[in-house]
$ cat input-v8.cif   # mmCIF, C-alpha atoms
data_model
loop_
_atom_site.label_atom_id
_atom_site.label_comp_id
_atom_site.auth_asym_id
_atom_site.auth_seq_id
_atom_site.Cartn_x
_atom_site.Cartn_y
_atom_site.Cartn_z
CA MET V 1 66.05 -74.87 -97.85
CA ILE V 2 68.74 -74.91 -95.16
CA LYS V 3 67.78 -78.44 -94.14
CA ARG V 4 67.92 -79.56 -97.80
CA ASN V 5 71.37 -78.04 -98.28
CA LEU V 6 72.70 -79.80 -95.18
CA TYR V 7 71.17 -83.06 -96.39
CA TYR V 8 72.82 -82.67 -99.81
CA LYS V 9 76.23 -82.22 -98.20
CA LEU V 10 76.10 -85.80 -96.89
CA SER V 11 77.32 -88.72 -99.00
CA PRO V 12 74.58 -90.87 -100.60
CA GLU V 13 75.22 -93.60 -98.03
CA LEU V 14 75.04 -91.20 -95.09
CA ARG V 15 71.77 -89.77 -96.41
CA PHE V 16 70.18 -93.20 -96.08
CA TYR V 17 71.47 -93.58 -92.52
CA ALA V 18 70.30 -90.09 -91.59
CA ARG V 19 66.78 -90.83 -92.81
CA LYS V 20 66.78 -94.18 -91.00
CA ILE V 21 67.77 -92.53 -87.72
CA TYR V 22 65.31 -89.64 -88.14
CA TYR V 23 62.33 -91.98 -88.63
CA PHE V 24 63.43 -94.69 -86.19
CA PRO V 25 60.93 -93.75 -83.42
CA ILE V 26 57.83 -93.73 -85.62
CA ASP V 27 58.98 -96.77 -87.62
CA THR V 28 59.45 -98.70 -84.36
CA TYR V 29 56.01 -97.61 -83.15
CA GLU V 30 54.29 -98.61 -86.41
CA ARG V 31 56.07 -101.97 -86.45
CA LEU V 32 55.14 -102.83 -82.85
CA THR V 33 51.51 -101.71 -83.24
CA GLY V 34 50.98 -103.30 -86.65
CA LYS V 35 50.05 -99.98 -88.28
CA ARG V 36 52.16 -100.71 -91.35
CA ASP V 37 51.17 -103.47 -93.79
CA GLN V 38 53.28 -105.61 -96.11
CA TYR V 39 52.99 -103.16 -98.98
CA THR V 40 54.12 -100.07 -97.11
CA PRO V 41 57.86 -99.73 -96.46
CA ALA V 42 59.23 -98.23 -93.27
CA ARG V 43 59.47 -94.44 -93.51
CA GLY V 44 63.22 -94.59 -92.91
CA ASP V 45 63.59 -96.82 -96.00
CA ILE V 46 61.67 -94.52 -98.35
CA PHE V 47 64.19 -92.52 -100.41
CA ILE V 48 61.79 -91.19 -103.05
CA GLY V 49 60.49 -88.07 -101.32
CA SER V 50 58.05 -87.17 -98.59
CA GLY V 51 54.28 -87.52 -98.45
CA ASP V 52 51.84 -90.36 -97.95
CA PHE V 53 53.33 -93.40 -99.70
CA ILE V 54 50.01 -95.11 -100.48
CA LYS V 55 48.08 -91.99 -101.49
CA GLN V 56 50.89 -90.81 -103.77
CA GLY V 57 51.03 -94.19 -105.48
CA GLU V 58 47.28 -94.21 -106.03
CA HIS V 59 47.47 -90.67 -107.44
CA GLN V 60 50.19 -91.74 -109.86
CA LEU V 61 48.07 -94.68 -111.04
CA HIS V 62 45.21 -92.23 -111.63
CA LEU V 63 47.52 -90.09 -113.79
CA LEU V 64 48.68 -93.12 -115.78
CA LYS V 65 45.10 -94.18 -116.46
CA LYS V 66 44.00 -90.67 -117.44
CA TYR V 67 46.95 -89.45 -119.51
CA ILE V 68 48.46 -92.55 -121.17
CA ASP V 69 45.39 -94.81 -120.96
CA ILE V 70 47.19 -97.62 -119.18
CA GLN V 71 45.24 -100.87 -119.58
CA GLU V 72 44.97 -104.02 -117.44
CA THR V 73 46.61 -106.07 -120.20
CA ASP V 74 49.49 -103.67 -120.92
CA SER V 75 53.15 -104.47 -120.67
CA VAL V 76 54.56 -101.54 -118.66
CA LEU V 77 58.03 -100.33 -117.74
CA ASP V 78 58.63 -98.33 -114.56
CA ILE V 79 61.92 -96.46 -115.00
CA GLY V 80 63.22 -95.60 -111.55
CA SER V 81 60.88 -97.99 -109.73
CA GLY V 82 62.24 -96.85 -106.36
CA ILE V 83 60.71 -98.73 -103.47
CA GLY V 84 57.49 -99.64 -105.25
CA ARG V 85 55.34 -96.55 -104.78
CA THR V 86 53.67 -96.94 -108.20
CA ALA V 87 54.07 -100.71 -108.40
CA VAL V 88 51.97 -101.32 -105.27
CA PRO V 89 48.69 -99.85 -106.65
CA LEU V 90 49.43 -101.38 -110.05
CA THR V 91 49.28 -104.87 -108.47
CA LYS V 92 45.56 -104.26 -107.98
CA TYR V 93 45.07 -102.96 -111.53
CA LEU V 94 47.19 -104.97 -113.95
CA GLY V 95 45.64 -108.35 -114.71
CA THR V 96 47.42 -111.66 -115.16
CA LYS V 97 47.75 -110.88 -118.88
CA GLY V 98 49.51 -107.64 -118.03
CA LYS V 99 53.19 -107.39 -117.18
CA TYR V 100 55.23 -104.97 -115.09
CA ASP V 101 58.98 -104.44 -115.23
CA GLY V 102 60.88 -101.90 -113.16
CA PHE V 103 64.51 -101.01 -112.56
CA ASP V 104 66.32 -98.70 -110.19
CA VAL V 105 69.81 -97.63 -109.14
CA VAL V 106 69.08 -98.12 -105.41
CA LYS V 107 69.50 -101.77 -104.42
CA LYS V 108 67.58 -101.54 -101.14
CA GLY V 109 64.48 -100.43 -103.04
CA VAL V 110 64.74 -103.24 -105.59
CA ASP V 111 65.31 -105.80 -102.82
CA TRP V 112 62.23 -104.58 -100.94
CA CYS V 113 60.09 -104.80 -104.09
CA ASN V 114 61.27 -108.32 -104.92
CA LYS V 115 60.59 -109.48 -101.38
CA ASN V 116 57.22 -107.80 -100.85
CA ILE V 117 55.74 -107.60 -104.36
CA HIS V 118 57.36 -110.07 -106.77
CA GLN V 119 56.88 -113.11 -104.53
CA GLU V 120 53.11 -112.61 -104.57
CA TYR V 121 52.82 -111.13 -108.07
CA PRO V 122 55.23 -113.04 -110.35
CA ASN V 123 54.31 -110.84 -113.35
CA PHE V 124 55.96 -107.95 -111.46
CA ASN V 125 59.74 -108.00 -111.94
CA PHE V 126 62.37 -105.65 -110.55
CA LYS V 127 66.01 -105.21 -111.60
CA TYR V 128 68.86 -103.45 -109.84
CA VAL V 129 71.21 -101.49 -112.13
CA PRO V 130 74.43 -100.17 -110.51
CA LEU V 131 74.57 -96.76 -112.16
CA HIS V 132 76.13 -93.67 -110.62
CA ASN V 133 73.87 -90.97 -109.24
CA SER V 134 75.29 -88.30 -106.95
CA LEU V 135 72.01 -88.13 -105.04
CA TYR V 136 71.57 -91.86 -104.41
CA ASN V 137 74.84 -93.81 -104.73
CA SER V 138 78.56 -93.71 -105.52
CA HIS V 139 78.71 -96.38 -108.25
CA SER V 140 80.81 -95.91 -111.37
CA GLY V 141 78.31 -97.01 -114.04
CA LYS V 142 77.34 -94.24 -116.47
CA SER V 143 73.69 -93.59 -117.29
CA GLU V 144 74.66 -91.97 -120.60
CA ASP V 145 75.97 -95.36 -121.84
CA PHE V 146 73.33 -97.57 -120.22
CA LYS V 147 71.22 -99.85 -122.39
CA PHE V 148 67.92 -100.83 -120.82
CA PRO V 149 67.94 -104.62 -120.15
CA TYR V 150 64.90 -105.24 -122.38
CA GLU V 151 64.30 -106.14 -126.02
CA ASP V 152 63.23 -103.68 -128.70
CA ASN V 153 59.49 -102.96 -128.94
CA SER V 154 58.73 -104.66 -125.60
CA PHE V 155 56.35 -102.26 -123.84
CA ASP V 156 52.97 -100.65 -124.42
CA LYS V 157 53.54 -97.96 -121.79
CA THR V 158 56.40 -96.61 -119.71
CA PHE V 159 56.65 -93.93 -117.05
CA LEU V 160 59.13 -91.97 -114.96
CA PHE V 161 58.06 -90.05 -111.87
CA SER V 162 60.76 -87.69 -110.56
CA VAL V 163 63.59 -89.44 -112.45
CA PHE V 164 64.56 -87.03 -115.23
CA THR V 165 64.65 -84.27 -112.60
CA HIS V 166 67.63 -86.06 -111.00
CA MET V 167 69.75 -86.76 -114.08
CA LYS V 168 72.36 -85.01 -116.18
CA ILE V 169 71.51 -83.73 -119.65
CA GLU V 170 73.50 -86.41 -121.49
CA ASP V 171 71.90 -89.13 -119.33
CA ILE V 172 68.42 -87.83 -120.08
CA GLN V 173 69.11 -87.95 -123.82
CA ASN V 174 70.24 -91.56 -123.60
CA TYR V 175 67.17 -92.55 -121.58
CA LEU V 176 64.89 -90.87 -124.12
CA ASN V 177 66.63 -92.83 -126.87
CA GLU V 178 66.20 -96.06 -124.92
CA ILE V 179 62.54 -95.35 -124.20
CA HIS V 180 62.00 -95.02 -127.93
CA ARG V 181 63.79 -98.33 -128.51
CA VAL V 182 61.83 -100.43 -125.99
CA LEU V 183 58.38 -98.93 -126.67
CA LYS V 184 56.12 -100.51 -129.25
CA THR V 185 55.01 -98.28 -132.13
CA GLY V 186 52.25 -96.06 -130.76
CA GLY V 187 53.39 -96.74 -127.20
CA LYS V 188 53.23 -93.87 -124.72
CA CYS V 189 55.40 -92.53 -121.93
CA LEU V 190 54.52 -90.28 -119.01
CA ALA V 191 57.55 -88.44 -117.64
CA THR V 192 57.97 -85.58 -115.20
CA PHE V 193 60.37 -82.66 -115.58
CA PHE V 194 61.05 -79.15 -114.40
CA THR V 195 60.71 -77.04 -117.55
CA TYR V 196 60.85 -73.30 -118.14
CA HIS V 197 60.66 -70.81 -120.99
CA GLU V 198 63.86 -68.98 -121.86
CA ASN V 199 62.32 -65.66 -120.73
CA ASP V 200 61.06 -66.96 -117.39
CA GLN V 201 62.46 -65.30 -114.29
CA LEU V 202 62.98 -68.36 -112.11
CA GLU V 203 64.11 -66.14 -109.25
CA ASN V 204 60.46 -65.09 -108.88
CA PHE V 205 59.01 -68.62 -108.82
CA PRO V 206 57.55 -69.71 -105.45
CA GLY V 207 59.17 -73.15 -105.67
CA PHE V 208 62.73 -74.11 -106.60
CA LYS V 209 64.81 -71.21 -107.92
CA PHE V 210 67.50 -73.20 -109.79
CA PRO V 211 70.20 -70.58 -109.31
CA VAL V 212 73.00 -72.36 -111.22
CA LYS V 213 72.77 -71.37 -114.90
CA LYS V 214 74.10 -73.67 -117.60
CA ASP V 215 73.63 -73.92 -121.37
CA ARG V 216 69.79 -73.90 -121.64
CA TYR V 217 69.30 -75.69 -118.35
CA ARG V 218 69.68 -74.83 -114.68
CA LEU V 219 70.67 -76.68 -111.50
CA LEU V 220 69.59 -76.43 -107.91
CA ASP V 221 73.10 -77.18 -106.59
CA GLU V 222 76.46 -76.70 -108.31
CA ASN V 223 78.17 -79.48 -106.34
CA LEU V 224 75.36 -82.04 -106.57
CA VAL V 225 74.50 -81.95 -110.25
CA GLU V 226 71.78 -84.59 -110.00
CA ALA V 227 70.01 -82.98 -107.05
CA ASN V 228 67.49 -81.24 -109.33
CA ILE V 229 67.63 -79.98 -112.90
CA ALA V 230 65.32 -77.65 -114.85
CA ILE V 231 65.47 -77.67 -118.66
CA GLU V 232 64.56 -74.94 -121.12
CA GLU V 233 61.43 -76.03 -122.97
CA SER V 234 62.88 -75.63 -126.47
CA LYS V 235 65.98 -77.64 -125.56
CA LEU V 236 63.92 -80.47 -124.10
CA LEU V 237 61.75 -80.56 -127.21
CA GLU V 238 64.89 -80.88 -129.35
CA MET V 239 66.06 -83.78 -127.18
CA ILE V 240 62.69 -85.52 -127.46
CA GLU V 241 62.60 -85.15 -131.24
CA LYS V 242 66.19 -86.38 -131.51
CA SER V 243 65.19 -89.59 -129.74
CA GLY V 244 62.41 -90.28 -132.24
CA LEU V 245 59.66 -89.65 -129.70
CA LYS V 246 56.92 -87.04 -130.07
CA LYS V 247 55.44 -84.80 -127.38
CA VAL V 248 51.65 -85.15 -127.50
CA ASN V 249 50.63 -83.41 -124.28
CA GLU V 250 52.02 -81.32 -121.42
CA ILE V 251 50.49 -80.67 -118.02
CA LYS V 252 52.26 -77.93 -116.12
CA GLY V 253 53.08 -78.63 -112.48
CA PHE V 254 52.58 -76.23 -109.61
CA TRP V 255 56.28 -75.89 -108.74
CA SER V 256 56.44 -72.69 -110.81
CA LYS V 257 53.02 -71.30 -109.94
CA PHE V 258 51.30 -72.61 -106.85
CA SER V 259 47.89 -71.39 -108.04
CA ARG V 260 47.95 -74.18 -110.66
CA LYS V 261 47.49 -76.77 -107.92
CA HIS V 262 44.45 -79.03 -108.31
CA PRO V 263 43.86 -82.81 -108.01
CA ASP V 264 45.22 -83.71 -111.45
CA VAL V 265 48.42 -81.67 -111.23
CA ASN V 266 51.79 -82.78 -109.90
CA PHE V 267 54.46 -80.62 -108.33
CA GLN V 268 56.58 -81.33 -111.40
CA ASP V 269 55.58 -80.80 -115.04
CA MET V 270 54.21 -83.87 -116.83
CA LEU V 271 54.99 -84.61 -120.47
CA ILE V 272 53.24 -87.29 -122.49
CA LEU V 273 55.45 -88.75 -125.20
CA GLU V 274 54.60 -91.20 -127.98
CA LYS V 275 56.66 -93.43 -130.22
CA LYS V 276 55.91 -92.39 -133.77
#
$ encode --input "input-v8.cif" --output "structure tokens"
Amino acid sequence: MIKRNLYYKLSPELRFYARKIYYFPIDTYERLTGKRDQYTPARGDIFIGSGDFIKQGEHQLHLLKKYIDIQETDSVLDIGSGIGRTAVPLTKYLGTKGKYDGFDVVKKGVDWCNKNIHQEYPNFNFKYVPLHNSLYNSHSGKSEDFKFPYEDNSFDKTFLFSVFTHMKIEDIQNYLNEIHRVLKTGGKCLATFFTYHENDQLENFPGFKFPVKKDRYRLLDENLVEANIAIEESKLLEMIEKSGLKKVNEIKGFWSKFSRKHPDVNFQDMLILEKK
């Protein structure tokens, strides 16, 4: 927790440099010994959390296949495509009739994906969108006003892994509205959140405590509002219904109760949404 707080005190740009310096020895070793392939970024370039990059991506593909029935011919949208963690395993699953689009607010991740994935898989396309996020950049673009750069009814499936957990309430509402717009009727979305019941005592949870209380949601850090956010379940359901989407399934993560941990569970809560 102390290490995380110190990390959060750095500017977004300095956080990238700090990670690059921290992993420089092992990244140099893996580069010189050839232990890292084309589809695995250097550890110092990965800004999407810790853990095994390849194994996490394969696990996410498993979840997409199981919970939203992603098909080889689907047109899919990866919201917050990062540095390609989910895109990499999808290159081996989506066929030539399938299509992948992804966008992210971190340019270095989009550039890496275009260089290492798009050139070999032209049906995989990545866009950089310069939106502000206190965790990742200092841009001025507002997520609450952002219109996804895609036509209405364009996608069969869409997904967001650890994206809504790093956004403000008004930004989340806009993204839910936009997901409804770009999904085809009957299209599904897998999204992860931190959710809690209004009577839950978060102070007793073994994971994040979310000490900063707001109106039906809570923050991990008062000064870094997009560090992590937990939303009261009833409020989130209202937001989903307002967008025109429908919640069809929920799989609780083990952040709030470590005993829930098993192969099909994420740290965060997973919600399956459908366009009515």
$ resolve_selection --input "input-v8.cif" --expression "the PyMOL selection byres ((chain V and resi 243) around 8)" --output "list of chain:residue names"
V:Gln173, V:Leu176, V:Asn177, V:His180, V:Met239, V:Ile240, V:Glu241, V:Lys242, V:Gly244, V:Leu245
$ residues_around --input "input-v8.cif" --residues "segment 121-131 of chain V" --least-positions-apart "6" --cutoff "12 Å" --atoms "only C-alpha atoms" --output "MDAnalysis selection string"
chainID V and resid 73:84 86:115 137:150 167 171
$ closest_residue --input "input-v8.cif" --among "V:Thr165, V:Thr192, V:Thr28, V:Thr185" --to "Lys276 of chain V" --atoms "all atoms listed in the file"
V:Thr185
$ atom_distance --input "input-v8.cif" --atom1 "atom CA of Asp269 of chain V" --atom2 "atom CA of Asn228 of chain V"
13.2 Å
$ atom_distance --input "input-v8.cif" --atom1 "atom CA of Lys275 of chain V" --atom2 "atom CA of Gly186 of chain V"
5.2 Å
$ atom_distance --input "input-v8.cif" --atom1 "atom CA of Asp156 of chain V" --atom2 "atom CA of Gln60 of chain V"
17.3 Å
$ resolve_selection --input "input-v8.cif" --expression "the PyMOL selection byres ((chain V and resi 219) around 10)" --output "ChimeraX atom specification"
/V:165-166,168,208-214,217-218,220-231
$ closest_residue --input "input-v8.cif" --among "V:Phe53, V:Leu61, V:Trp255, V:Ser234" --to "Asn204 of chain V" --atoms "only C-alpha atoms"
V:Trp255
$ residues_around --input "input-v8.cif" --residues "Ile68 of chain V" --least-positions-apart "4" --cutoff "10 Å" --atoms "all atoms listed in the file" --output "short mmCIF file (atom, residue, chain, number, x, y, z; two decimals) with C-alpha atoms, in the coordinates of the input"
data_model
loop_
_atom_site.label_atom_id
_atom_site.label_comp_id
_atom_site.auth_asym_id
_atom_site.auth_seq_id
_atom_site.Cartn_x
_atom_site.Cartn_y
_atom_site.Cartn_z
CA LEU V 63 47.52 -90.09 -113.79
CA LEU V 64 48.68 -93.12 -115.78
CA ASP V 156 52.97 -100.65 -124.42
CA LYS V 157 53.54 -97.96 -121.79
CA THR V 158 56.40 -96.61 -119.71
CA PHE V 159 56.65 -93.93 -117.05
CA GLY V 187 53.39 -96.74 -127.20
CA LYS V 188 53.23 -93.87 -124.72
CA CYS V 189 55.40 -92.53 -121.93
CA LEU V 190 54.52 -90.28 -119.01
CA ASN V 249 50.63 -83.41 -124.28
CA ILE V 272 53.24 -87.29 -122.49
CA LEU V 273 55.45 -88.75 -125.20
CA GLU V 274 54.60 -91.20 -127.98
#
$ residues_around --input "input-v8.cif" --residues "Ile26 of chain V" --least-positions-apart "4" --cutoff "10 Å" --atoms "all atoms listed in the file" --output "list in words"
Tyr22, Glu30, Arg31, Leu32, Ala42, Arg43 and Gly44 of chain V
